[in-house]
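Student: What follows is data02.cif, mmCIF, C-alpha atoms.
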data_start
#
loop_
_atom_site.label_atom_id
_atom_site.label_comp_id
_atom_site.auth_asym_id
_atom_site.auth_seq_id
_atom_site.Cartn_x
_atom_site.Cartn_y
_atom_site.Cartn_z
CA MET V 255 53.56 -29.48 -43.45
CA MET V 256 56.81 -30.73 -42.00
CA LEU V 257 56.32 -28.52 -38.92
CA ALA V 258 52.89 -29.98 -38.35
CA ARG V 259 54.27 -33.52 -38.49
CA ARG V 260 57.01 -32.68 -36.00
CA CYS V 261 54.51 -31.10 -33.63
CA SER V 262 52.23 -34.09 -33.91
CA LYS V 263 55.12 -36.43 -33.09
CA THR V 264 56.31 -34.30 -30.21
CA PHE V 265 52.94 -33.74 -28.56
CA SER V 266 51.19 -36.95 -29.46
CA PRO V 267 49.30 -38.63 -26.56
CA ARG V 268 51.16 -41.90 -27.08
CA ARG V 269 54.55 -40.24 -26.84
CA THR V 270 53.53 -38.20 -23.79
CA TRP V 271 52.21 -41.30 -21.97
CA THR V 272 55.37 -43.23 -22.75
CA THR V 273 57.56 -40.46 -21.39
CA SER V 274 55.46 -40.16 -18.23
CA SER V 275 55.53 -43.88 -17.61
CA ARG V 276 59.30 -43.95 -17.94
CA ARG V 277 59.59 -41.12 -15.45
CA MET V 278 57.28 -42.92 -13.03
CA ARG V 279 59.44 -46.01 -13.30
CA THR V 280 62.58 -44.04 -12.61
CA ILE V 281 61.20 -42.45 -9.41
CA PRO V 282 61.46 -45.64 -7.30
CA LEU V 283 64.96 -46.23 -8.62
CA TYR V 284 65.92 -42.70 -7.67
CA LEU V 285 64.48 -43.15 -4.17
CA LYS V 286 66.34 -46.41 -3.73
CA ARG V 287 69.61 -44.76 -4.73
CA GLN V 288 69.01 -41.96 -2.25
CA GLN V 289 68.24 -44.48 0.46
CA ARG V 290 71.48 -46.37 -0.21
CA ARG V 291 73.44 -43.14 -0.11
CA ALA V 292 71.83 -42.15 3.19
CA VAL V 293 72.59 -45.56 4.67
CA ARG V 294 76.21 -45.39 3.59
CA ARG V 295 76.50 -41.87 4.91
CA TYR V 296 74.71 -42.15 8.25
CA ALA V 297 75.19 -45.84 9.08
CA PRO V 298 78.26 -45.30 11.30
CA GLU V 299 76.53 -42.56 13.28
CA ALA V 300 73.38 -44.66 13.67
CA THR V 301 75.43 -47.63 14.83
CA ALA V 302 77.25 -45.53 17.41
CA THR V 303 73.97 -44.03 18.63
CA ALA V 304 72.38 -47.48 18.95
CA ALA V 305 75.39 -48.78 20.85
CA ALA V 306 75.25 -45.82 23.20
CA ALA V 307 71.52 -46.34 23.73
CA ALA V 308 72.11 -50.01 24.48
CA GLY V 309 74.85 -49.08 26.90
CA VAL V 310 72.46 -46.77 28.72
CA ALA V 311 69.56 -49.22 28.63
CA ILE V 312 71.45 -52.09 30.24
CA PRO V 313 72.39 -50.13 33.38
CA ALA V 314 68.81 -48.81 33.52
CA VAL V 315 67.46 -52.36 33.60
CA ALA V 316 70.05 -53.31 36.17
CA SER V 317 69.16 -50.32 38.35
CA SER V 318 65.44 -51.09 38.13
CA ALA V 319 66.16 -54.68 39.14
CA ALA V 320 68.26 -53.42 42.02
CA LYS V 321 65.33 -51.34 43.28
CA VAL V 322 63.48 -54.52 44.23
CA THR V 323 64.87 -54.39 47.74
CA ILE V 324 63.92 -55.98 51.04
CA PRO V 325 61.33 -53.27 51.89
CA GLU V 326 59.52 -53.85 48.60
CA LEU V 327 59.56 -57.61 49.07
CA ALA V 328 58.27 -57.13 52.62
CA CYS V 329 55.36 -55.01 51.35
CA ALA V 330 54.43 -57.56 48.69
CA ALA V 331 54.71 -60.51 51.08
CA SER V 332 52.67 -58.77 53.77
CA PHE V 333 49.92 -57.90 51.30
CA LEU V 334 49.68 -61.51 50.07
CA TYR V 335 49.65 -62.71 53.68
CA LEU V 336 46.88 -60.23 54.46
CA VAL V 337 44.76 -61.40 51.53
CA GLY V 338 45.21 -65.06 52.49
CA SER V 339 44.36 -64.32 56.11
CA PHE V 340 41.18 -62.46 55.18
CA ILE V 341 40.03 -65.33 52.98
CA THR V 342 40.65 -67.63 55.94
CA PHE V 343 38.63 -65.31 58.19
CA TRP V 344 35.73 -65.40 55.74
CA VAL V 345 35.82 -69.22 55.57
CA ALA V 346 35.87 -69.45 59.36
CA ALA V 347 32.98 -67.02 59.79
CA ARG V 348 30.89 -68.72 57.13
CA SER V 349 31.50 -72.18 58.58
CA SER V 350 30.68 -71.00 62.09
CA ASN V 351 27.48 -69.32 60.89
CA GLY V 352 26.44 -72.56 59.24
CA ALA V 353 27.06 -74.51 62.43
CA VAL V 354 25.05 -71.96 64.44
CA TYR V 355 22.02 -72.11 62.17
CA ARG V 356 22.11 -75.92 61.86
CA GLN V 357 21.47 -76.79 65.49
CA ASN V 358 20.69 -80.44 64.69
CA GLU V 359 24.20 -81.06 63.37
CA THR V 360 27.24 -81.73 65.45
CA PRO V 361 30.34 -79.59 64.90
CA SER V 362 32.30 -82.56 63.60
CA SER V 363 29.84 -83.08 60.76
CA ALA V 364 29.35 -79.37 60.09
CA PHE V 365 33.01 -78.46 59.72
CA SER V 366 35.27 -79.82 57.09
CA SER V 367 38.98 -80.08 57.67
CA ALA V 368 39.64 -76.78 55.84
CA SER V 369 36.99 -74.85 57.71
CA SER V 370 38.10 -76.23 61.08
CA TRP V 371 41.66 -75.13 60.32
CA ALA V 372 40.30 -71.70 59.35
CA VAL V 373 38.49 -71.45 62.68
CA GLN V 374 41.65 -72.34 64.59
CA PHE V 375 43.62 -69.80 62.57
CA THR V 376 41.10 -67.06 63.30
CA LYS V 377 40.88 -67.79 67.03
CA SER V 378 44.65 -67.89 67.48
CA HIS V 379 46.76 -64.82 68.25
CA LEU V 380 49.83 -66.23 66.51
CA PRO V 381 48.93 -65.22 62.90
CA LEU V 382 49.48 -61.59 63.83
CA VAL V 383 53.06 -62.28 64.97
CA PRO V 384 54.70 -62.38 61.49
CA LEU V 385 53.32 -58.95 60.57
CA CYS V 386 54.38 -57.46 63.91
CA VAL V 387 57.89 -58.90 63.68
CA LEU V 388 58.28 -57.64 60.11
CA TYR V 389 57.01 -54.23 61.15
CA LEU V 390 59.47 -54.08 64.05
CA ALA V 391 62.36 -55.02 61.78
CA LEU V 392 61.49 -52.34 59.22
CA LEU V 393 60.92 -49.76 61.95
CA VAL V 394 64.36 -50.39 63.44
CA ALA V 395 65.96 -50.32 59.98
CA SER V 396 64.25 -47.06 59.05
CA TRP V 397 64.94 -45.27 62.31
CA SER V 398 67.40 -42.40 62.07
CA PRO V 399 68.49 -39.65 64.47
CA ASP V 400 66.09 -37.14 62.91
CA THR V 401 63.05 -39.42 62.84
CA LEU V 402 61.54 -38.25 66.11
CA SER V 403 62.29 -34.60 65.40
CA LEU V 404 60.57 -34.86 61.99
CA ILE V 405 57.49 -36.51 63.48
CA MET V 406 57.17 -34.15 66.45
CA PRO V 407 59.33 -31.07 65.90
CA GLY V 408 60.06 -28.54 68.61
CA SER V 409 61.82 -28.22 71.94
CA ILE V 410 61.06 -27.20 75.50
CA GLU V 411 63.22 -24.06 75.16
CA GLU V 412 61.26 -22.84 72.14
CA GLY V 413 57.99 -23.56 73.91
CA LEU V 414 58.96 -21.49 76.96
CA ALA V 415 60.78 -18.73 75.09
CA ASP V 416 57.79 -16.42 74.49
CA GLY V 417 55.28 -17.31 77.14
CA PHE V 418 53.91 -20.66 76.05
CA LYS V 419 54.08 -21.99 72.49
CA MET V 420 52.80 -25.43 71.59
CA GLN V 421 55.62 -27.86 70.73
CA PHE V 422 55.96 -31.49 69.67
CA VAL V 423 52.93 -31.30 67.37
CA PRO V 424 53.14 -33.55 64.27
CA ARG V 425 53.55 -31.56 61.07
CA LEU V 426 52.71 -32.66 57.58
CA ASP V 427 56.02 -31.53 56.09
CA GLY V 428 58.01 -33.77 58.41
CA ILE V 429 55.71 -36.73 57.80
CA MET V 430 56.01 -36.26 54.04
CA GLU V 431 59.79 -36.19 54.31
CA LEU V 432 59.80 -39.38 56.35
CA LEU V 433 57.50 -41.23 53.96
CA SER V 434 59.73 -40.26 51.03
CA ARG V 435 62.27 -42.75 52.40
CA ARG V 436 61.72 -46.27 51.10
CA THR V 437 62.27 -48.20 54.33
CA THR V 438 60.15 -45.75 56.31
CA ALA V 439 57.32 -46.01 53.77
CA ALA V 440 57.51 -49.81 54.00
CA SER V 441 57.31 -49.69 57.79
CA ALA V 442 54.29 -47.36 57.50
CA TRP V 443 52.60 -49.89 55.21
CA LEU V 444 53.31 -52.70 57.70
CA HIS V 445 51.82 -50.49 60.42
CA ILE V 446 48.60 -50.23 58.36
CA ALA V 447 48.66 -53.95 57.58
CA CYS V 448 48.84 -54.86 61.28
CA ILE V 449 45.87 -52.62 62.06
CA ASN V 450 43.84 -54.01 59.16
CA PHE V 451 44.65 -57.57 60.21
CA PHE V 452 43.52 -56.86 63.78
CA VAL V 453 40.26 -55.26 62.61
CA GLY V 454 39.54 -58.10 60.18
CA ARG V 455 40.17 -60.74 62.84
CA HIS V 456 37.97 -58.86 65.31
CA ALA V 457 35.11 -58.69 62.80
CA ALA V 458 35.50 -62.38 61.92
CA LEU V 459 35.41 -63.42 65.59
CA ARG V 460 32.24 -61.38 66.15
CA ALA V 461 30.72 -62.91 63.03
CA MET V 462 31.56 -66.40 64.27
CA THR V 463 29.86 -65.89 67.64
CA GLN V 464 26.93 -63.70 66.55
CA GLY V 465 26.14 -64.98 63.06
CA LEU V 466 26.90 -61.68 61.30
CA PRO V 467 27.66 -61.23 57.61
CA VAL V 468 31.31 -60.33 57.30
CA ALA V 469 32.31 -60.49 53.63
CA HIS V 470 31.76 -56.78 52.94
CA THR V 471 33.53 -55.84 56.18
CA LEU V 472 36.60 -57.88 55.27
CA ALA V 473 36.66 -56.38 51.76
CA LEU V 474 36.66 -52.86 53.21
CA THR V 475 39.14 -53.71 55.93
CA LEU V 476 41.62 -55.05 53.39
CA VAL V 477 41.80 -51.56 51.88
CA THR V 478 41.11 -49.36 54.90
CA GLY V 479 40.78 -50.63 58.45
CA PRO V 480 38.75 -47.77 59.97
CA LEU V 481 36.03 -48.00 57.30
CA GLY V 482 35.93 -51.76 57.74
CA LEU V 483 35.47 -51.39 61.49
CA PHE V 484 32.74 -48.81 60.94
CA SER V 485 31.02 -51.16 58.50
CA HIS V 486 31.19 -53.94 61.09
CA TRP V 487 29.53 -51.74 63.73
CA ILE V 488 26.74 -50.76 61.32
CA THR V 489 26.18 -54.41 60.35
CA GLN V 490 26.06 -55.44 63.99
CA ALA V 491 23.54 -52.69 64.82
CA VAL V 492 21.33 -53.60 61.84
CA VAL V 493 21.35 -57.33 62.62
CA ARG V 494 20.65 -56.72 66.31
CA GLY V 495 17.90 -54.26 65.51
CA GLY V 496 16.28 -56.80 63.22
CA GLY V 497 16.40 -59.53 65.84
CA GLY V 498 19.25 -61.38 64.15
CA GLY V 499 22.28 -63.03 65.63
CA VAL V 500 22.60 -65.85 68.07
CA GLY V 501 19.54 -66.39 70.16
CA GLY V 502 17.39 -64.20 67.87
CA ASN V 503 17.21 -61.24 70.27
CA GLY V 504 20.74 -59.87 69.93
CA SER V 505 21.52 -60.55 73.62
CA THR V 506 24.98 -61.90 72.99
CA ALA V 507 28.08 -61.40 75.00
CA GLU V 508 30.40 -58.67 73.82
#
Kindly present the structure from the file in structure tokens form.

Tutor:
Amino acid sequence: MMLARRCSKTFSPRRTWTTSSRRMRTIPLYLKRQQRRAVRRYAPEATATAAAAAGVAIPAVASSAAKVTIPELACAASFLYLVGSFITFWVAARSSNGAVYRQNETPSSAFSSASSWAVQFTKSHLPLVPLCVLYLALLVASWSPDTLSLIMPGSIEEGLADGFKMQFVPRLDGIMELLSRRTTAASAWLHIACINFFVGRHAALRAMTQGLPVAHTLALTLVTGPLGLFSHWITQAVVRGGGGGVGGNGSTAE
């Protein structure tokens, strides 16, 4: 009888639940103690590691800031100048097309002050000068004694050594090595920017005199000049074939 009572007290549901609840309450306390011990044990190492990481991060930020050099600024400035110029070309071509189609209006009433300035900007040769001067400066800065030999490798002696062997032919390896240099890559971008500017201005001038749509041509030329020029030729052929342009028969001066 006494054994039964002891067993009932030991294995009673109430007693078991109470013991379990106490253990559950002690688990968070145990975890907190372990966390404090870990902090006390590893805090100095963590502090040293964080300080070392901060010491490495600060020079990294400084080095990344130092990478913003004159060639990078030249590329960014030339791109913004190119975008602004192409918007001006589009305004000039659109204003000129409006003046062509509205024959009963005088140019003074057809052009606003902004559009007249855009027309003068497009007709002038001076807007191309800043890009050319910047390109020349970067080209001179990037030039090195091995530049020409990397672009066109070879020599006359090698060409005449075994009969006749083609020399001074551009090779992709040399061009890749040149473009891996920051100043040379910037000068190459300015080279492309000058060509794109020339093509965009040419298309805008044709659009002004012949009443051609030019927005899509300028958009393509901003990214790639050859495709923009090809688009301009196709647009000109389509408009002339359809009887568009000044005079209605496409008989405009080149």

Student: Can you translate the PyMOL selection byres ((chain V and resi 490) around 10) into the concrete residues it hits in this file, as a PyMOL selection string?

Tutor: chain V and resi 457+460-461+464-468+484-489+491-496+498-499+504

Student: With the file shown as input, list the residues that the PyMOL selection byres ((chain V and resi 330-334) around 12) selects, as number ranges by chain.

Tutor: V: 322-329, 335-341, 381-389, 440-441, 443-448, 450-451, 476-477

Student: Run the PyMOL selection byres ((chain V and resi 403) around 12) against the file shown and list the residues it catches, as a count of residues only.

Tutor: 22

Student: Within 9 Å of Ala368 of chain V, counting all atoms listed in the file, which residues qualify if same-chain residues fewer than 5 places away don't, as number ranges by chain?

Tutor: V: 345-346, 373

Student: Between atom CA of Leu472 of chain V and atom CA of Ser378 of chain V, what is the spacing in Å?

Tutor: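 Computed distance, atom CA of Ser378 of chain V to atom CA of Leu472 of chain V, equals 17.7 Å.
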
Student: In terms of the shortest atom-to-atom distance over all atoms listed in the file, which of V:Arg436, V:Arg455, V:Arg291, V:His470 is closest to Ala372 of chain V?

Tutor: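 Closest to Ala372 of chain V of all the choices is V:Arg455.
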
Student: Between atom CA of Ala469 of chain V and atom CA of Thr376 of chain V, what is the distance, to one decimal in Å?

Tutor: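 For atom CA of Ala469 of chain V relative to atom CA of Thr376 of chain V, the distance reads 14.6 Å.
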
Student: How many Å lie between atom CA of Thr438 of chain V and atom CA of Met420 of chain V, rounded to one decimal?

Tutor: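 So the answer is 26.5 Å.
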
Student: I need the residue nearest Ser369 of chain V from this list: V:Val394, V:Ala439, V:Leu433, V:Ala347. Use only C-alpha atoms for the distance.

Tutor: V:Ala347
